[in-house]
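Trainee: This is input-v2.csv, which holds CSV, C-alpha atoms:
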chain,number,residue,atom,x,y,z
K,228,MET,CA,-7.0,14.5,-5.0
K,229,SER,CA,-3.5,13.1,-5.6
K,230,ARG,CA,-2.6,11.2,-8.7
K,231,ALA,CA,-1.9,8.1,-6.6
K,232,LYS,CA,-5.3,8.2,-5.0
K,233,LYS,CA,-7.1,8.8,-8.3
K,234,ARG,CA,-5.5,5.8,-9.9
K,235,ALA,CA,-5.9,3.6,-6.8
K,236,ASP,CA,-9.6,4.6,-6.6
K,237,ARG,CA,-10.2,3.8,-10.2
K,238,ILE,CA,-8.7,0.3,-9.8
K,239,ARG,CA,-10.9,-0.4,-6.9
K,240,GLN,CA,-14.0,0.9,-8.7
K,241,GLU,CA,-13.4,-0.7,-12.1
K,242,ILE,CA,-11.6,-4.0,-11.4
K,243,PRO,CA,-13.7,-6.4,-9.3
K,244,ILE,CA,-11.5,-7.7,-6.5
K,245,GLN,CA,-12.9,-11.2,-7.0
K,246,ARG,CA,-11.7,-11.1,-10.6
K,247,VAL,CA,-8.2,-10.1,-9.5
K,248,LEU,CA,-8.1,-13.0,-6.9
K,249,SER,CA,-9.4,-15.5,-9.4
K,250,ASP,CA,-6.8,-14.4,-12.0
K,251,TYR,CA,-4.1,-14.9,-9.3
K,252,GLY,CA,-5.3,-18.5,-8.9
K,253,TYR,CA,-7.4,-18.2,-5.8
K,254,ARG,CA,-10.5,-20.3,-5.7
K,255,VAL,CA,-12.9,-17.4,-6.0
K,256,ASP,CA,-15.8,-17.2,-8.4
K,257,ALA,CA,-15.0,-14.0,-10.4
K,258,GLY,CA,-18.7,-13.6,-11.4
K,259,TYR,CA,-20.2,-13.8,-7.9
K,260,ASP,CA,-20.8,-10.5,-6.1
K,261,GLY,CA,-21.2,-11.9,-2.6
K,262,GLN,CA,-18.6,-12.7,0.1
K,263,GLN,CA,-16.6,-15.9,-0.4
K,264,GLN,CA,-14.2,-17.8,1.8
K,265,PHE,CA,-10.9,-19.0,0.2
K,266,SER,CA,-7.4,-20.2,1.0
K,267,CYS,CA,-4.6,-17.6,1.3
K,268,ASP,CA,-1.0,-18.5,0.3
K,269,LEU,CA,0.6,-15.3,1.7
K,270,HIS,CA,1.3,-16.7,5.2
K,271,GLY,CA,3.2,-19.6,6.7
K,272,ASP,CA,4.4,-22.1,4.2
K,273,GLY,CA,1.8,-21.0,1.6
K,274,SER,CA,-0.6,-23.8,2.3
K,275,ASP,CA,-3.9,-23.0,3.9
K,276,ASN,CA,-5.9,-26.2,4.3
K,277,LYS,CA,-8.6,-24.4,6.4
K,278,PRO,CA,-9.6,-21.4,4.2
K,279,SER,CA,-8.8,-18.4,6.3
K,280,ALA,CA,-9.4,-15.5,3.8
K,281,ARG,CA,-12.7,-13.8,2.9
K,282,VAL,CA,-13.4,-11.5,0.0
K,283,TYR,CA,-15.7,-8.4,0.4
K,284,PRO,CA,-16.7,-7.2,-3.0
K,285,ASP,CA,-18.6,-4.2,-1.6
K,286,SER,CA,-15.3,-2.7,-0.3
K,287,ALA,CA,-13.1,-4.1,-3.1
K,288,SER,CA,-11.0,-5.8,-0.5
K,289,TRP,CA,-10.3,-9.1,1.2
K,290,PHE,CA,-9.1,-10.1,4.7
K,291,CYS,CA,-7.0,-13.0,5.8
K,292,PHE,CA,-7.6,-13.9,9.4
K,293,ALA,CA,-4.4,-15.9,9.6
K,294,CYS,CA,-2.3,-13.0,8.2
K,295,GLY,CA,-4.4,-10.6,10.2
K,296,ARG,CA,-4.4,-8.0,7.5
K,297,PRO,CA,-6.6,-6.4,4.8
K,298,ARG,CA,-5.7,-6.2,1.2
K,299,ASP,CA,-7.1,-4.6,-1.9
K,300,ALA,CA,-6.1,-5.3,-5.6
K,301,ILE,CA,-3.0,-3.2,-5.4
K,302,GLN,CA,-1.7,-4.7,-2.2
K,303,THR,CA,-2.4,-8.1,-3.6
K,304,ALA,CA,-0.4,-7.4,-6.8
K,305,LYS,CA,2.4,-6.0,-4.7
K,306,GLU,CA,2.7,-9.1,-2.6
K,307,LYS,CA,2.1,-11.6,-5.4
K,308,GLU,CA,4.5,-9.9,-7.9
K,309,GLY,CA,7.1,-8.7,-5.3
K,310,VAL,CA,6.8,-5.1,-6.6
K,311,GLU,CA,6.2,-1.6,-5.1
K,312,PHE,CA,3.1,0.5,-5.3
K,313,TRP,CA,3.5,2.2,-8.7
K,314,ALA,CA,4.6,-1.0,-10.4
K,315,ALA,CA,1.5,-2.8,-9.0
K,316,VAL,CA,-0.7,0.1,-10.2
K,317,ARG,CA,0.7,0.0,-13.7
K,318,LEU,CA,0.5,-3.8,-13.9
K,319,LEU,CA,-3.2,-3.8,-13.0
K,320,GLU,CA,-4.0,-1.0,-15.3
K,321,GLN,CA,-2.3,-2.8,-18.2
K,322,ARG,CA,-3.7,-6.3,-17.3
K,323,TYR,CA,-7.3,-5.0,-17.2
K,324,SER,CA,-7.0,-2.5,-20.0
K,325,LEU,CA,-7.6,0.7,-18.1
K,326,PRO,CA,-6.8,3.7,-20.3
K,327,PRO,CA,-4.1,6.2,-19.3
K,328,MET,CA,-5.3,9.1,-17.2
K,329,TYR,CA,-4.0,11.8,-19.5
K,330,GLU,CA,-5.6,14.6,-17.4
K,331,ASP,CA,-2.9,14.0,-14.8
K,332,ASP,CA,0.1,14.4,-17.1
K,333,ASP,CA,0.4,18.2,-16.9
K,334,ASP,CA,0.3,18.2,-13.2
K,335,GLU,CA,2.6,15.2,-12.7
K,336,ASP,CA,6.0,16.9,-12.4
K,337,GLU,CA,4.8,19.7,-10.2
K,338,GLU,CA,2.8,17.3,-8.0
K,339,GLU,CA,5.8,15.0,-7.7
K,340,HIS,CA,8.1,17.8,-6.8
K,341,GLN,CA,5.6,19.1,-4.2
K,342,ARG,CA,5.1,15.7,-2.7
K,343,ARG,CA,8.9,15.2,-2.3
K,344,SER,CA,9.2,18.7,-0.9
K,345,ASP,CA,6.5,18.0,1.6
K,346,LEU,CA,8.1,14.8,2.7
K,347,VAL,CA,11.6,16.2,3.0
K,348,GLY,CA,11.2,19.8,3.9
K,349,GLN,CA,8.3,20.0,6.4
K,350,ILE,CA,9.6,17.7,9.0
K,351,SER,CA,9.6,18.7,12.7
K,352,ALA,CA,10.7,15.3,14.1
K,353,ILE,CA,14.3,15.0,15.3
K,354,VAL,CA,16.3,12.4,13.5
K,355,ASP,CA,18.9,10.4,15.4
K,356,PRO,CA,22.2,11.0,13.4
K,357,ALA,CA,23.6,7.8,14.8
K,358,LYS,CA,20.9,5.7,13.0
K,359,THR,CA,21.3,4.6,9.4
K,360,PHE,CA,18.6,4.8,6.8
K,361,GLU,CA,18.2,1.0,6.9
K,362,GLU,CA,17.6,1.2,10.7
K,363,GLU,CA,14.9,3.9,10.2
K,364,ARG,CA,13.4,2.0,7.3
K,365,LYS,CA,13.1,-1.1,9.5
K,366,ARG,CA,11.5,0.8,12.4
K,367,THR,CA,8.9,2.2,10.0
K,368,LEU,CA,8.3,-1.2,8.4
K,369,ASN,CA,7.7,-2.7,11.8
K,370,LEU,CA,5.3,0.0,12.8
K,371,LEU,CA,3.3,-0.3,9.6
K,372,ASP,CA,3.3,-4.1,9.8
K,373,GLY,CA,1.9,-3.8,13.4
K,374,LEU,CA,-0.8,-1.3,12.4
K,375,THR,CA,-1.8,-3.4,9.5
K,376,LYS,CA,-2.0,-6.6,11.5
K,377,ASP,CA,-3.9,-5.0,14.3
K,378,GLN,CA,-6.2,-3.1,12.0
K,379,ASP,CA,-5.6,0.1,14.0
K,380,LEU,CA,-6.4,2.4,11.0
K,381,PRO,CA,-8.8,2.5,8.1
K,382,LEU,CA,-7.6,0.7,4.9
K,383,ASP,CA,-7.2,4.0,3.0
K,384,ASP,CA,-5.0,5.5,5.6
K,385,LEU,CA,-2.9,2.3,5.8
K,386,LEU,CA,-2.5,2.2,2.0
K,387,ARG,CA,-1.4,5.8,1.9
K,388,LEU,CA,1.3,5.2,4.6
K,389,TRP,CA,2.5,2.0,2.8
K,390,GLU,CA,2.6,4.0,-0.5
K,391,ALA,CA,4.8,6.7,1.1
K,392,TYR,CA,7.1,4.0,2.7
K,393,ASP,CA,7.4,2.2,-0.7
K,394,LYS,CA,8.1,5.4,-2.6
K,395,VAL,CA,10.8,6.6,-0.2
K,396,SER,CA,12.5,3.2,-0.2
K,397,TYR,CA,12.5,3.3,-4.0
K,398,LEU,CA,13.9,6.8,-4.2
K,399,VAL,CA,16.7,6.1,-1.9
K,400,THR,CA,17.6,2.8,-3.6
K,401,ASP,CA,17.5,4.6,-7.0
K,402,GLN,CA,19.7,7.4,-5.5
K,403,LYS,CA,17.1,10.0,-6.2
K,404,LEU,CA,16.9,10.8,-2.5
K,405,SER,CA,19.9,10.9,-0.2
K,406,GLU,CA,20.0,8.4,2.8
K,407,ASP,CA,19.8,11.4,5.1
K,408,GLN,CA,16.7,12.7,3.5
K,409,GLY,CA,15.3,9.2,3.4
K,410,LYS,CA,15.9,8.9,7.2
K,411,ARG,CA,14.0,12.1,7.8
K,412,VAL,CA,11.1,11.0,5.7
K,413,MET,CA,10.8,7.6,7.5
K,414,VAL,CA,10.6,9.5,10.8
K,415,GLU,CA,7.9,11.7,9.3
K,416,ILE,CA,5.9,8.7,8.1
K,417,ARG,CA,5.9,7.2,11.6
K,418,GLY,CA,4.8,10.6,12.9
K,419,LYS,CA,1.9,10.7,10.5
K,420,ALA,CA,0.9,7.2,11.5
K,421,LEU,CA,0.9,8.1,15.2
K,422,GLU,CA,-1.2,11.2,14.5
K,423,LYS,CA,-3.8,9.1,12.7
K,424,ILE,CA,-3.9,6.6,15.5
K,425,LYS,CA,-4.5,9.5,18.0
K,426,ALA,CA,-7.3,10.8,15.7
K,427,VAL,CA,-9.0,7.4,15.5
K,428,ASN,CA,-8.8,6.9,19.3
K,429,GLN,CA,-10.2,10.4,20.2
Please lay out the structure from this file as structure tokens.

Mentor:
Amino acid sequence: MSRAKKRADRIRQEIPIQRVLSDYGYRVDAGYDGQQQFSCDLHGDGSDNKPSARVYPDSASWFCFACGRPRDAIQTAKEKEGVEFWAAVRLLEQRYSLPPMYEDDDDEDEEEHQRRSDLVGQISAIVDPAKTFEEERKRTLNLLDGLTKDQDLPLDDLLRLWEAYDKVSYLVTDQKLSEDQGKRVMVEIRGKALEKIKAVNQ
């Protein structure tokens, strides 16, 4: 199991989603384990007079019918704080006093290197040299937005694709990955998304 999945799973298991929502100011009873309807401020002008969101504690997630997308605690923190995947994970771990996962430290560098190698090196898709990284990033963003809105894939698959997208965007912005490598990875992310859609529809 990857370091990212371990930490994301721990957040879902140990931090009640209704508590996260309540702490972000949503009108949700943090101590109630049943489903609750509430207003979402993540679409339109931020006002939601007819509550269009519903929290599902059993799956540690919530869904806004106006946004047309599911969210868990990490995705909520990403959107509310305007941060990427790892920043949201660290923020939630600190806010809710989750101890560090020291067992991952020895494997972190090797795993990070392997993940980057997998993303950059094992790519069969042809990249259009005429397109810029930003164009490939936007194409990938549009695809993931569409998949999320239409609920074409399970939440875990969507979160993994979004995580990969966020990570590559960060690495290119931070100049730890070249734009050419970033273009190739964005193509690979779209390829993986399409493979998962095929698998779901079979």

Trainee: Quote the spacing between CA of Leu371 in chain K and CA of Gln408 in chain K in Å to one decimal place.

Mentor: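 About the pair CA of Leu371 in chain K and CA of Gln408 in chain K: they are 19.6 Å apart.
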
Trainee: Which residue, K:Thr375, K:Thr303, K:Gln263, K:Gln240, has the smallest gap to Leu325 in chain K when you use only C-alpha atoms?

Mentor: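 Looking only at the distances to Leu325 in chain K, the closest residue turns out to be K:Gln240.
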
Trainee: Quick one, how far is CA of Gln262 in chain K from CA of Asp383 in chain K?

Mentor: 20.4 Å

Trainee: Point out the residue among K:Lys376, K:Arg364, K:Lys307, K:Lys277 with the least atom-to-atom distance to Lys394 in chain K, counting only C-alpha atoms.

Mentor: K:Arg364

Trainee: Do a neighbour search on Phe360 in chain K at 12 Å with all atoms listed in the file, toss out local chain neighbours closer than 4 positions, and write the hits as number ranges by chain.

Mentor: K: 354-356, 364-367, 395-396, 399-400, 404-414

Trainee: Of the candidates K:Ala420, K:Ala280, K:Ala300, K:Val316, which one gets nearest to Tyr251 in chain K if we count only C-alpha atoms?

Mentor: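 Closest residue, counting only C-alpha atoms: K:Ala300.
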
Trainee: Please measure the separation of CA of Ser288 in chain K and CA of Gly418 in chain K, giving the value in Å to one decimal.

Mentor: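 Interatomic distance here is 26.4 Å.
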
Trainee: Determine, counting all atoms listed in the file, every residue of protein, DNA or RNA that lies within 7 Å of (-6.1, -15.9, 10.3) in the file coordinates, then give the result as a short mmCIF file (atom, residue, chain, number, x, y, z; two decimals) with C-alpha atoms, keeping the file's coordinate frame.

Mentor:
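Saved as part-v3.cif:
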data_model
loop_
_atom_site.label_atom_id
_atom_site.label_comp_id
_atom_site.auth_asym_id
_atom_site.auth_seq_id
_atom_site.Cartn_x
_atom_site.Cartn_y
_atom_site.Cartn_z
CA SER K 279 -8.80 -18.40 6.30
CA CYS K 291 -7.00 -13.00 5.80
CA PHE K 292 -7.60 -13.90 9.40
CA ALA K 293 -4.40 -15.90 9.60
CA CYS K 294 -2.30 -13.00 8.20
CA GLY K 295 -4.40 -10.60 10.20
#

Trainee: Near Asn276 in chain K, counting only C-alpha atoms, which residues have an atom at most 12 Å away, once you skip same-chain residues fewer than 4 positions from it, shown as a list in words?

Mentor: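 Within the cut-off, the hits are Phe265, Ser266, Cys267, Asp268, His270, Gly271, Asp272, Ala280 and Ala293 of chain K.
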
Trainee: Could you check the closest approach to Arg387 in chain K for each of K:Phe312, K:Ile242, K:Ala426, K:Pro284 and tell me which residue wins, using only C-alpha atoms?

Mentor: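 For Arg387 in chain K, the nearest of the given residues is K:Phe312.
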
Trainee: Skipping near chain neighbours, those fewer than 5 positions away, what residues fall within 10 Å of Leu380 in chain K using all atoms listed in the file, listed as a list in words?

Mentor: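 That gives Leu374, Thr375, Leu385, Leu386, Ala420, Lys423, Ile424, Ala426, Val427 and Asn428 of chain K.
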
Trainee: Keeping only C-alpha atoms, write the selected residues to a file as a JSON list (two decimals), keeping the file's coordinate frame.

Mentor:
[["chain", "number", "residue", "atom", "x", "y", "z"],
["K", 374, "LEU", "CA", -0.80, -1.30, 12.40],
["K", 375, "THR", "CA", -1.80, -3.40, 9.50],
["K", 385, "LEU", "CA", -2.90, 2.30, 5.80],
["K", 386, "LEU", "CA", -2.50, 2.20, 2.00],
["K", 420, "ALA", "CA", 0.90, 7.20, 11.50],
["K", 423, "LYS", "CA", -3.80, 9.10, 12.70],
["K", 424, "ILE", "CA", -3.90, 6.60, 15.50],
["K", 426, "ALA", "CA", -7.30, 10.80, 15.70],
["K", 427, "VAL", "CA", -9.00, 7.40, 15.50],
["K", 428, "ASN", "CA", -8.80, 6.90, 19.30]]

Trainee: Would you please work out which residue, of K:Lys403, K:Ala314, K:Ser274, K:Arg281, is nearest to Arg298 in chain K when using only C-alpha atoms?

Mentor: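 Closest to Arg298 in chain K, using only C-alpha atoms: K:Arg281.
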
Trainee: Quick one: everything within 10 Å of Glu241 in chain K, counting all atoms listed in the file, minus sequence neighbours fewer than 4 positions away in the same chain. Send it as a VMD selection string.

Mentor: chain K and resid 236 to 237 287 320 323 325

Trainee: Could you check the closest approach to Glu415 in chain K for each of K:Trp313, K:Gln402, K:Leu318, K:Tyr392 and tell me which residue wins, using only C-alpha atoms?

Mentor: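 Among the listed residues, K:Tyr392 lies closest to Glu415 in chain K.
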